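Here is the structure we will look at, set down as structure tokens.
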Amino acid sequence: MEYNFRDIEKKWRQRWVTQQTYKVTEDPNRQKFYVLNMFPYPSGAGLHVGHPLGYIASDIYARYKRLQGFNVLNPMGYDAYGLPAEQYAIQTGQHPAITTEANIKRYREQLDKIGFCFDWSREVRTCEPGYYHWTQWAFQKMFGSFYSLTPLTPSPKGEGETSGKARPIEELISFFEQNGTRGLEEYGVAQSEELSFTAEEWNAKSEVEKQQVLMNYRIAYLGETMVNWCPELGTVLANDEVIDGVSARGGFPVVQKRMKQWCLRVSAYAQRLLDGLETIDWTESLKETQRNWIGRSEGAEVEFKVKDSDKSFTIFTTRADTMFGVTFMVLAPESDLVQELTTPEQKAAVDEYLTYVKKRTERDRISDRKVTGVFSGSYAINPFTGDANPIWISEYVLAGYGTGAIMAVPAHDSRDYAFAKHFNLPIIPLIEGCDVSEESFDAKEGIVCNSQGKDFSLNGLTVKEAIAATKKYVKEKGLGRVKVNYRLRDAIFSRQRYWGEPFPVYYKEGMPQMIPEECLPLELPEVDKFLPTETGEPPLGNAKKWAWDTKSNSVVDCSAIDNVTVFPLELNTMPGFAGSSAYYLRYMDPHNDQALVSPEADEYWQAVDLYVGGSEHATGHLIYSRFWNKFLFDLGVSCREEPFQKLVNQGMIQGRSNFVYRIKDTNTFVSLGLKDQYDVTPLHVDVNIVSADVLDIEAFKAWRPEYATAEFILEDGKYICGWAVEKMSKSMFNVVNPDMIVEKFGADTLRLYEMFLGPVEQAKPWDTNGIDGSHRFLKKFWNLAQTILAQSNEDAPTAAELKSLHKLIKKVTEDIENFSYNTAIPAFMIATNELSQLNCTNRAILEPMVILIAPFAPHFAEELWEQLGHTTSVCDAQWPEFEEKYLVEDTVKMMVAFNGKTRFGIDFPADADNATIEAAARGHELTPKYLEGKQIMKVIIVPKRMINIVCK
RNA sequence: GCUCGAAUGGUGGAAUUGGUAGACACGAGGGACUUAAAAUCCCUUGACCAGUGAUGGUCGUACGGGUUCGAUUCCCGUUUCGAGCACCA
């Protein structure tokens, strides 16, 4: 019987659906395993061969775990909100929901053809009200929470928590009622800026004023901040959505703009996000990326008094040891201190400089790092030396980091050095023997000198000792405090877009109010236009019915707004990462309309055991969802602090483009090997009409009208194309669609081939050339199986057959555990060849082999499983275990080394013990050829019982 | 600039973590079957040298050193490529 993959795959695709083979339910009697893929954004282009790579890898693991007896959750869904659908809507007027729906349908068709074991009954879509209900709910909870290191009311026994936690905002309110802000700093409350008021002042505040103050502490808060504004897209972007000063999507310029936006206080969780990395099994490089992004730095905040004034300001430094080398101070141009400290004489110069800075975009700053700045006119007193240092203003100091002000130590900081050289400011070296005539000495090493103060000296200490000593001194003298800073900023959570989750928020007296929890979800309204309004409001400004009636608790027409009972609703929507931040929890209990996830389901599934996705989400989704989950953990909704225990990054599949070479000014194309003899232009050619770099000439003529009359100069009767590895994209005609591969070779071949291509984690070019090999293997396996089935030998298998089988079981089991699928597949090829050569006809060998191949080629395995007489799915079989006794080598080898060279001796029986072998070696019995006339120096018995004899 | 990671035939990639480098596959070459093609099967395939031949020898894992009986693997230095962060004080 021929291997007819088309019929087989069709048959099992249908049967899996009718028999609900992949439906999972919580089963306390079985151990769970949660496998998850990053859910896709359903783009209009459909899947290309790069997309399924991660899905196949995790599918194999999921199937393997199931065969091992685990209750495996392997769900799939869609990150359905997104920019492309909206931009398409702007261009065509087509509602994004319609395009999204169509794209999802197409994705699903493509996914279904590849044979994944997804439990589609648990599918989620971020754009459905039943789903974004819980996105909105989490946002409301964040609004109603603040973050502090310890509880504001210390527990009676004084055992305060120290790790930090989100807590109900009511705790903070009652603290203010009793204490104002007095003593608040001791609790480590996360805040936008430090406020100061008494209990009386608090209690005297109006409701609106109180709400304004609370914004300073809420985890979801409305904040006026500098944002990345992208004029082209008409929206703000988060830091991870901006790359090199342009938008990650579209590559449009981004400028800094001050705007009132919803923000999430991710920074409050910086330390926990950092600490959590130690507990999870991710690649070192990905953890490192997150550590960089969080950017923890330990240092000190030191207060500087302004000369001839009662003003003072604080700077942040990690090099407190260099206090004696400060020769000037620098403020960020955006800092509030600039106005305060500019003297009247300098005002004109400062204003001119500020105007210049304002004109420069993020991009300009990156591309030309000119040294620019202006003197403010004021001086600051160095608390260590009493010296007065000029205060400058320069764009090289950032407002958003530290305090927006620095002390400049030109001898030991390259940026300060460049500034000092440019403006001719003094440079004081502080390390013995360092040369600062050409460049600064930035390294944190050496012995400190020139650092003698009134009552304090650092001279003679190493830099490390000096940093510690200075911090201690600063603390004791009350000159400042030890401080940890993070680069991680709060996430900007508003987008001026239509196709996103609406905020469950309305505005009363300019202050945001949450709509009642029981009224969620607040559904996205219909609009006529998806563009911003004429008045520059976000697209939701076009909605007619977009006001909140507090009497009926319902959405009503905007014309009803009276600011008494009917109020305007929020016009912004949430960003892309909102919906993807807790979807893994929703899969556990996707149809629950009472909670995001029930405690029972959460308790059972815990966290994702294996998460597979691209590393491009390292500083976006993977930070936000860790933050989001930690918040839900604090609330007691999620029982695990880290959502993704093990993470595997699948490498990108690049395109392999093909070229034809046209002789200039002709319609004649010359084959690769002969192109150097002509003046040619290389042109991309559709890879789908090229096979093994040989052009299908007829297909090429039909491809484009202008090529219909093309002529060719061939090599050996063939036209050979050139090739290059490039990004997979339509414009390079190198997009390979999985449907075509499935059509031609079958899903099982595709699965096998994608895994065989190379390590899952590694980026690699898609090369259709090798796919025959995988297909050929399946046919060989099939033929072997048919031979065995035809003979139906029930005898005991031979030793050689068992050895072959158990070698395979061992290798495949180990390789799947290590995601080393590309080496597991050759093991199948070898075993198939070995068993064919042994003329194996034994069903007892075939049966475990079918189970082993099942994760890789599920349709194929199901069919053979049925032919073996089973009536249940191969998915419910038991993964075979290997037995060491079949694997023992019958001989061991002796290795002999002399004159610095290694040679190999003769095989001898495996059951010989080490002493016998050594004695034999010393007696020259086994390798007379090499040992004759040599003196044995030593005998080393090395792993795997190879014997190494050192001779002279 | 800082921090990670990588480098092996014509190609994708193996090598049990210090033990026969190049598994397996692709490509290439040769052969069998066939009127022919497709399909299938078999052999050769890192480089160089010697030999009619079986075979033997030398060099080979980016480069230069080191440790070791033995290094793709460990250590030091160099080069190249990739990734992340980046006026972050």
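Going through the structure tokens in order, the chains are called A, B, and so on, while each chain numbers its residues from 1 and the ligands are numbered from 1 in the order shown.
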
As a compact mmCIF listing (two decimals) with N, CA, C and O atoms (P, O5', C5', C4', C3', O3' and C1' of nucleotides), in the first residue's frame, please: the residues near region 823-826 of chain A (cut-off 7 Å, only C-alpha atoms (C1' of nucleotides), same-chain neighbours under 5 positions excluded).
# COMPACT_ATOMS: atom_id res chain seq x y z
N PHE A 756 13.70 19.56 11.29
CA PHE A 756 14.98 19.01 10.85
C PHE A 756 15.93 20.11 10.38
O PHE A 756 17.14 19.95 10.38
N LYS A 811 17.35 8.01 22.40
CA LYS A 811 17.74 9.24 21.70
C LYS A 811 16.54 10.20 21.56
O LYS A 811 16.65 11.39 21.83
N VAL A 812 15.41 9.67 21.13
CA VAL A 812 14.24 10.53 20.88
C VAL A 812 13.75 11.15 22.19
O VAL A 812 13.44 12.34 22.25
N ASP A 815 16.22 13.83 23.25
CA ASP A 815 16.21 14.98 22.34
C ASP A 815 14.95 15.82 22.48
O ASP A 815 15.01 17.05 22.39
P C B 24 25.13 8.80 8.50
O5' C B 24 23.81 9.70 8.44
C5' C B 24 22.66 9.33 9.17
C4' C B 24 21.65 10.45 9.15
C3' C B 24 21.38 11.05 7.76
O3' C B 24 20.48 10.26 7.01
C1' C B 24 21.73 12.80 9.29

- A86 (chain B): which residues within 12 Å, counting only C-alpha atoms (C1' of nucleotides), same-chain residues fewer than 5 positions away excluded, as a PyMOL selection string? (chain A and resi 244+292-293+295+366+487) or (chain B and resi 1-3)

- Kindly provide, as a ChimeraX atom specification, the residues of chain B having any atom no farther than 6 Å from an atom of chain A, counting only C-alpha atoms (C1' of nucleotides). /B:4,24,26,69,84-85,87,89

- Residue set, region 113-340 of chain A restricted to strand (DSSP E), as a ChimeraX atom specification: /A:145-148,165-168,220-230,235-237,242-243,246-247,255-264,297-306,312-317,328-331

- Give me the residues within 7 Å of Leu647 (chain A) as a list in words, counting only C-alpha atoms (C1' of nucleotides) and dropping any in the same chain fewer than 3 places off. Asp281, Trp282, Leu610, Tyr611, Val612 and Phe644 of chain A

Please, could you write that set of residues out with N, CA and C atoms as a PDB file, in the first residue's frame?
ATOM      1  N   ASP A 281      13.257  29.635  34.122  1.00  0.00           N
ATOM      2  CA  ASP A 281      14.155  28.927  33.227  1.00  0.00           C
ATOM      3  C   ASP A 281      14.053  29.551  31.828  1.00  0.00           C
ATOM      4  N   TRP A 282      14.725  30.673  31.669  1.00  0.00           N
ATOM      5  CA  TRP A 282      14.764  31.350  30.375  1.00  0.00           C
ATOM      6  C   TRP A 282      16.215  31.368  29.910  1.00  0.00           C
ATOM      7  N   LEU A 610       5.756  25.637  29.679  1.00  0.00           N
ATOM      8  CA  LEU A 610       6.616  25.845  28.521  1.00  0.00           C
ATOM      9  C   LEU A 610       5.996  26.900  27.619  1.00  0.00           C
ATOM     10  N   TYR A 611       6.724  27.974  27.422  1.00  0.00           N
ATOM     11  CA  TYR A 611       6.215  29.083  26.603  1.00  0.00           C
ATOM     12  C   TYR A 611       7.141  29.223  25.409  1.00  0.00           C
ATOM     13  N   VAL A 612       6.558  29.239  24.216  1.00  0.00           N
ATOM     14  CA  VAL A 612       7.372  29.319  23.009  1.00  0.00           C
ATOM     15  C   VAL A 612       6.991  30.554  22.214  1.00  0.00           C
ATOM     16  N   PHE A 644       5.558  32.412  33.321  1.00  0.00           N
ATOM     17  CA  PHE A 644       6.146  31.518  32.316  1.00  0.00           C
ATOM     18  C   PHE A 644       7.400  30.853  32.869  1.00  0.00           C
TER      19      PHE A 644
END

Would you list the contacts of U17 (chain B) as a compact mmCIF listing (two decimals) with N, CA and C atoms (P, O5', C5', C4', C3', O3' and C1' of nucleotides), in the first residue's frame, taking every protein, DNA or RNA residue within 12 Å and counting only C-alpha atoms (C1' of nucleotides), but skipping same-chain residues closer than 6 positions in sequence?
# COMPACT_ATOMS: atom_id res chain seq x y z
P U B 72 40.36 19.47 18.47
O5' U B 72 39.03 20.23 18.07
C5' U B 72 39.07 21.63 17.79
C4' U B 72 37.71 22.23 17.98
C3' U B 72 37.29 22.45 19.43
O3' U B 72 37.84 23.66 19.92
C1' U B 72 35.50 21.50 18.17
P U B 73 38.45 23.74 21.38
O5' U B 73 37.23 23.32 22.34
C5' U B 73 36.06 24.13 22.42
C4' U B 73 35.02 23.42 23.26
C3' U B 73 35.42 23.25 24.72
O3' U B 73 34.33 23.53 25.57
C1' U B 73 34.97 21.13 23.73
P C B 74 34.28 24.99 26.24
O5' C B 74 35.48 24.89 27.30
C5' C B 74 35.25 24.34 28.58
C4' C B 74 36.49 24.49 29.43
C3' C B 74 37.24 25.80 29.26
O3' C B 74 36.67 26.83 30.04
C1' C B 74 38.78 24.02 29.16

- Go through A:Tyr61, A:Trp605, A:Tyr217, A:Phe5 and flag the residue nearest Asn818 (chain A), using only C-alpha atoms for the distances.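 That would be A:Tyr61, the residue with the smallest distance to Asn818 (chain A).
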
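Taking CA of Pro383 (chain A) as the reference point, CA of Ala411 (chain A) is found at 19.1 Å.
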
- So how far away is CA of Gly579 (chain A) from CA of Lys105 (chain A), in Å?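 For CA of Lys105 (chain A) relative to CA of Gly579 (chain A), the distance reads 19.9 Å.
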
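Note that CA of His95 (chain A) and CA of Glu526 (chain A) are 9.2 Å apart.
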
- So which residues touch Ala388 (chain A) within 10 Å, counting only C-alpha atoms (C1' of nucleotides), skipping near sequence neighbours fewer than 2 positions away, as a PyMOL selection string? chain A and resi 304-307+326-329+378-383+385-386+390-391

- Message: With only C-alpha atoms (C1' of nucleotides) as the counted atoms, please give the residues lying no more than 7 Å from Arg265 (chain A), apart from itself and same-chain residues fewer than 4 positions off, as a list in words.
- Response: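 Neighbouring residues, sequence-local ones excluded: Ile219, Ala220, Asp490 and Ala491 of chain A.
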
- Task: From a DSSP pass on the backbone, collect the residues of region 149-199 of chain A flagged as helix (DSSP H, G or I) and hand them back as an MDAnalysis selection string.
- Result: chainID A and resid 169:179 184:187 199

Skipping near chain neighbours, those fewer than 4 positions away, what residues fall within 12 Å of C59 (chain B) using only C-alpha atoms (C1' of nucleotides), listed as a short mmCIF file (atom, residue, chain, number, x, y, z; two decimals) with N, CA, C and O atoms (P, O5', C5', C4', C3', O3' and C1' of nucleotides), in the first residue's frame?
data_model
loop_
_atom_site.label_atom_id
_atom_site.label_comp_id
_atom_site.auth_asym_id
_atom_site.auth_seq_id
_atom_site.Cartn_x
_atom_site.Cartn_y
_atom_site.Cartn_z
P G B 46 34.50 13.39 2.27
"O5'" G B 46 35.00 14.85 2.66
"C5'" G B 46 34.27 15.98 2.26
"C4'" G B 46 35.10 17.22 2.45
"C3'" G B 46 36.46 17.18 1.74
"O3'" G B 46 36.35 17.57 0.39
"C1'" G B 46 36.76 17.83 3.99
P A B 47 37.44 16.99 -0.64
"O5'" A B 47 38.76 17.78 -0.26
"C5'" A B 47 38.86 19.18 -0.50
"C4'" A B 47 40.22 19.66 -0.08
"C3'" A B 47 41.39 18.90 -0.71
"O3'" A B 47 41.70 19.39 -2.00
"C1'" A B 47 41.73 19.04 1.62
P C B 48 42.24 18.39 -3.07
"O5'" C B 48 43.72 18.06 -2.56
"C5'" C B 48 44.70 19.09 -2.53
"C4'" C B 48 45.90 18.64 -1.73
"C3'" C B 48 46.62 17.40 -2.24
"O3'" C B 48 47.45 17.68 -3.35
"C1'" C B 48 46.38 17.24 0.09
P C B 49 47.72 16.49 -4.42
"O5'" C B 49 48.70 15.52 -3.62
"C5'" C B 49 50.01 15.95 -3.28
"C4'" C B 49 50.71 14.91 -2.46
"C3'" C B 49 50.83 13.53 -3.09
"O3'" C B 49 51.86 13.47 -4.06
"C1'" C B 49 50.19 13.30 -0.83
#

- Task: Go through A:Val564, A:Val597, A:Ile280, A:Leu274 one by one, measure the shortest atom-to-atom distance of each to Ile294 (chain A) using only C-alpha atoms, and give the residue with the smallest value.
- Result: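 The closest residue to Ile294 (chain A) is A:Leu274.
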